[in-house]
Amino acid sequence: MTFDFFTTIDILGTLAFAISGTSAAMHKRLDIFGIIIIAFITSVGGGTLRDILIGNTPVGWLKNTTIIHTILLGTFVTLVFGTYVKRMNYTLFLFDAMGLGLATIIGVQKGQDMHFVPGVCIALGTVTGCFGGVIRDTLLNDIPLVFRKEIYASICVLGGACYYLLTYFNIDNVVAQLISMALIVISRIIVVKYGLSLPSLYGKQ
Amino acid sequence: MTFDFFTTIDILGTLAFAISGTSAAMHKRLDIFGIIIIAFITSVGGGTLRDILIGNTPVGWLKNTTIIHTILLGTFVTLVFGTYVKRMNYTLFLFDAMGLGLATIIGVQKGQDMHFVPGVCIALGTVTGCFGGVIRDTLLNDIPLVFRKEIYASICVLGGACYYLLTYFNIDNVVAQLISMALIVISRIIVVKYGLSLPSLYGKQ
Amino acid sequence: MTFDFFTTIDILGTLAFAISGTSAAMHKRLDIFGIIIIAFITSVGGGTLRDILIGNTPVGWLKNTTIIHTILLGTFVTLVFGTYVKRMNYTLFLFDAMGLGLATIIGVQKGQDMHFVPGVCIALGTVTGCFGGVIRDTLLNDIPLVFRKEIYASICVLGGACYYLLTYFNIDNVVAQLISMALIVISRIIVVKYGLSLPSLYGKQ
């Protein structure tokens, strides 16, 4: 039951990441091959970088056909039903927020498994959640969006820290995951609803 | 004999990749150091990324002095005999196509060795063949060419799938390699001769 | 004593790298999160890439809290005392040059430990010294500075070759490190003082 719940979140989150990657790649007028690559990188890039940094190779998605099929499905659906997919904007936003939450928690867990200090565990959670988008934006020749707007990454830090603390105080793991994920989803909703951004600090220098 | 044949292809392909990398870097007005780096990345970047993803480290070229010398030779020749090298355009194109074919097959083989599913094996072949160029273009601040034009990557997918199928049906390995490589070279010739591109799909969204 | 000396250099160099990364990120108007990421990448990106290439994972800084705290300190100081930090321009330049020297030597040593050929050892030294800046510039959507100007990378090659030769002829390791580091620092001072660059070679093609 618990397993099913988190697997479902993983699939929905991956789907949302793949759809957002496909949209970004179409916007840059890539061909079908480029679109598929960008969809993959958006979906699994963060976890891939994390696995490479900690030496957990071969990286996970190479052996996870469920994720591969989900990404291809997301790409296909966006290519064929682009207009309809866009109308589901808010649903996709929620899937994306849930996927971000789960990715962050998985990243923190991998750090805990390797007995890194808290800051590094939370950083690995943030890498897992955000760096797919960073690599996508870099390949598409933009400065990564999460470096500039929407407090996307700061929410990973917040949720990751929450999860780390809860497990540190021996809260049940499933409960800790649910609370942290809820914190990330709710924070994302608040940030997007009120159009918040971190200050860019330029001009101070 | 067979060994010699594939080693020769490997060297000629690496030479073509190094020359194309050097040309791209000169075009962007890099200094000599930047040119050498870009030549290396164009030549070995794809195999390096594949090795990192599957955990096959230290990555191969660190211990392959033949490849290192070939890349330095390609860079040197292009720097000194630039005009003459350009006149050999068609020869270089053929070397490049053969190198692409061999790189793709090696990538598929590495995937087969690790018992990945067919799609992942073919993806690793494509990464090996194409991602040197992807990293080169990203460092030179362009959107990667293979994401946009010339069906370069799709031919890797085609050739990789051909090789996978042939070995799946127990065709002799050398025969399978030769057929797949020929398919890639001939496809490249046809694509470039008729100026074909995949549709960019933009506007549909 | 020797240990303390090199640890001090490492911290001062990391501090200089973090400050230069923070400045570059502020210049691009990133938010606080983007600035911290860029500071980290500038400081540890080169060593991280080297460790990934040679399979030395988990990469070193994940377990080095001293370095992590130094980077955060450098970022904080630059954000808060930006104007004052800028006045220390020459001091920071010297720290940066020393950090570059130490990074280069550590990279060469890692290559020697793995019995790579001399050219590869020196290349790993150069990767360690320079690729933090390369990744930083790529993420910030610029063509990497070291590919174009200031002979930064060539000095790594020079210093790395010097260190390799000295250890090859059984010079005491600490002496070899000090001589190579001095060569790198003095070369950087000369290059910056006289505004030297490598020729860009464009137009020859």
# chains A, B, ... in the order shown; residues from 1 in each chain; ligands from 1
>>> select_by_dssp(residues="segment 12-122 of chain B", states="alpha helix (DSSP H)", output="number ranges by chain")
B: 12-27, 32-54, 65-80, 82-87, 89-113, 118-122
>>> interface_residues(of="chain A", to="chain B", cutoff="6 Å", atoms="only C-alpha atoms", output="NGL selection string")
:A and (26 or 29-31 or 34 or 57-59 or 82 or 139-141)
>>> residues_around(residues="segment 168-175 of chain B", least_positions_apart="2", cutoff="12 Å", atoms="only C-alpha atoms", output="PDB file with C-alpha atoms, in the first residue's frame")
ATOM      1  CA  MET B   1      42.955  -8.662 -39.174  1.00  0.00           C
ATOM      2  CA  THR B   2      39.511  -7.918 -37.778  1.00  0.00           C
ATOM      3  CA  PHE B   3      41.149  -6.198 -34.814  1.00  0.00           C
ATOM      4  CA  PHE B   5      40.231  -3.135 -39.207  1.00  0.00           C
ATOM      5  CA  PHE B   6      38.211  -1.819 -36.261  1.00  0.00           C
ATOM      6  CA  LEU B 102      31.803   2.313 -34.596  1.00  0.00           C
ATOM      7  CA  ILE B 105      28.161  -0.170 -31.882  1.00  0.00           C
ATOM      8  CA  ILE B 106      30.617   0.024 -28.970  1.00  0.00           C
ATOM      9  CA  VAL B 108      25.359  -0.863 -27.652  1.00  0.00           C
ATOM     10  CA  GLN B 109      27.869  -3.596 -26.753  1.00  0.00           C
ATOM     11  CA  GLN B 112      24.531  -5.607 -23.706  1.00  0.00           C
ATOM     12  CA  VAL B 117      16.958  -3.724 -21.927  1.00  0.00           C
ATOM     13  CA  PRO B 118      17.231  -3.138 -25.718  1.00  0.00           C
ATOM     14  CA  ALA B 161      18.808  -1.074 -33.275  1.00  0.00           C
ATOM     15  CA  CYS B 162      20.096  -2.923 -36.362  1.00  0.00           C
ATOM     16  CA  TYR B 163      23.155  -4.133 -34.452  1.00  0.00           C
ATOM     17  CA  TYR B 164      21.084  -5.160 -31.440  1.00  0.00           C
ATOM     18  CA  LEU B 165      18.689  -7.164 -33.607  1.00  0.00           C
ATOM     19  CA  LEU B 166      21.440  -8.882 -35.581  1.00  0.00           C
ATOM     20  CA  GLN B 177      29.186  -4.823 -36.840  1.00  0.00           C
ATOM     21  CA  LEU B 178      29.979  -4.428 -40.543  1.00  0.00           C
ATOM     22  CA  ILE B 179      26.307  -4.395 -41.588  1.00  0.00           C
ATOM     23  CA  SER B 180      25.335  -1.879 -38.873  1.00  0.00           C
ATOM     24  CA  MET B 181      28.282   0.352 -39.638  1.00  0.00           C
ATOM     25  CA  ALA B 182      27.484   0.260 -43.353  1.00  0.00           C
TER      26      ALA B 182
END
>>> atom_distance(atom1="atom CA of Val80 of chain A", atom2="atom CA of Ile35 of chain A")
13.0 Å
>>> closest_residue(among="C:Leu92, C:Ile68, C:Val44, C:Ile37", to="Ile19 of chain C", atoms="only C-alpha atoms")
C:Leu92
>>> residues_around(residues="segment 186-189 of chain C", least_positions_apart="3", cutoff="7 Å", atoms="only C-alpha atoms", output="compact mmCIF listing (two decimals) with all heavy atoms, in the first residue's frame")
# COMPACT_ATOMS: atom_id res chain seq x y z
N ALA C 97 45.56 32.35 -7.14
CA ALA C 97 46.74 31.77 -7.80
C ALA C 97 47.31 30.62 -6.97
O ALA C 97 47.67 29.57 -7.51
CB ALA C 97 47.79 32.85 -8.04
N ILE C 155 49.03 27.79 -17.72
CA ILE C 155 49.87 27.84 -16.52
C ILE C 155 49.67 26.59 -15.68
O ILE C 155 50.62 26.08 -15.08
CB ILE C 155 49.55 29.13 -15.72
CG1 ILE C 155 50.13 30.32 -16.47
CG2 ILE C 155 50.12 29.05 -14.31
CD1 ILE C 155 49.76 31.67 -15.89
N ALA C 182 54.98 27.81 -6.60
CA ALA C 182 55.61 29.12 -6.81
C ALA C 182 55.64 29.46 -8.31
O ALA C 182 55.36 30.59 -8.71
CB ALA C 182 57.03 29.12 -6.24
N LEU C 183 55.96 28.46 -9.14
CA LEU C 183 55.98 28.69 -10.58
C LEU C 183 54.61 29.15 -11.07
O LEU C 183 54.50 30.10 -11.87
CB LEU C 183 56.39 27.39 -11.30
CG LEU C 183 56.40 27.44 -12.83
CD1 LEU C 183 57.45 28.43 -13.32
CD2 LEU C 183 56.68 26.06 -13.42
N VAL C 192 49.10 38.41 -15.62
CA VAL C 192 48.10 39.43 -15.34
C VAL C 192 48.72 40.83 -15.40
O VAL C 192 48.15 41.77 -15.92
CB VAL C 192 47.42 39.16 -13.99
CG1 VAL C 192 46.60 40.35 -13.52
CG2 VAL C 192 46.53 37.93 -14.11
N LYS C 193 49.96 40.94 -14.89
CA LYS C 193 50.64 42.25 -14.89
C LYS C 193 50.81 42.79 -16.32
O LYS C 193 50.62 43.97 -16.58
CB LYS C 193 51.99 42.12 -14.19
CG LYS C 193 52.74 43.44 -14.08
CD LYS C 193 53.81 43.39 -13.02
CE LYS C 193 54.48 44.76 -12.89
NZ LYS C 193 55.55 44.74 -11.88
>>> residues_around(residues="Phe17 of chain C", least_positions_apart="3", cutoff="8 Å", atoms="only C-alpha atoms", output="VMD selection string")
chain C and resid 13 to 14 20 to 21 39 42 to 43 96 99
>>> write_last_selection(atoms="N, CA and C atoms", output="short mmCIF file (atom, residue, chain, number, x, y, z; two decimals), in the first residue's frame")
data_model
loop_
_atom_site.label_atom_id
_atom_site.label_comp_id
_atom_site.auth_asym_id
_atom_site.auth_seq_id
_atom_site.Cartn_x
_atom_site.Cartn_y
_atom_site.Cartn_z
N GLY C 13 42.63 29.24 -1.00
CA GLY C 13 42.30 29.09 -2.42
C GLY C 13 40.80 28.87 -2.62
N THR C 14 40.21 28.00 -1.78
CA THR C 14 38.77 27.74 -1.86
C THR C 14 37.99 29.02 -1.60
N SER C 20 35.06 34.54 -6.07
CA SER C 20 34.96 34.86 -7.50
C SER C 20 33.69 34.27 -8.09
N GLY C 21 33.30 33.07 -7.62
CA GLY C 21 32.04 32.48 -8.10
C GLY C 21 30.84 33.31 -7.67
N ALA C 39 28.94 29.37 -6.43
CA ALA C 39 30.13 29.43 -5.56
C ALA C 39 30.70 28.03 -5.34
N THR C 42 32.27 26.69 -8.69
CA THR C 42 33.56 27.32 -8.98
C THR C 42 34.65 26.73 -8.10
N SER C 43 34.31 26.45 -6.84
CA SER C 43 35.32 25.98 -5.88
C SER C 43 35.65 24.50 -6.06
N ASP C 96 43.76 33.12 -5.13
CA ASP C 96 43.29 32.35 -6.28
C ASP C 96 44.46 31.64 -6.96
N GLY C 99 45.59 28.81 -4.78
CA GLY C 99 44.60 27.72 -4.87
C GLY C 99 44.72 26.97 -6.18
#
>>> atom_distance(atom1="atom CA of Ala176 of chain C", atom2="atom CA of Ile36 of chain B")
27.2 Å
>>> atom_distance(atom1="atom CA of Phe40 of chain C", atom2="atom CA of Thr128 of chain A")
16.2 Å
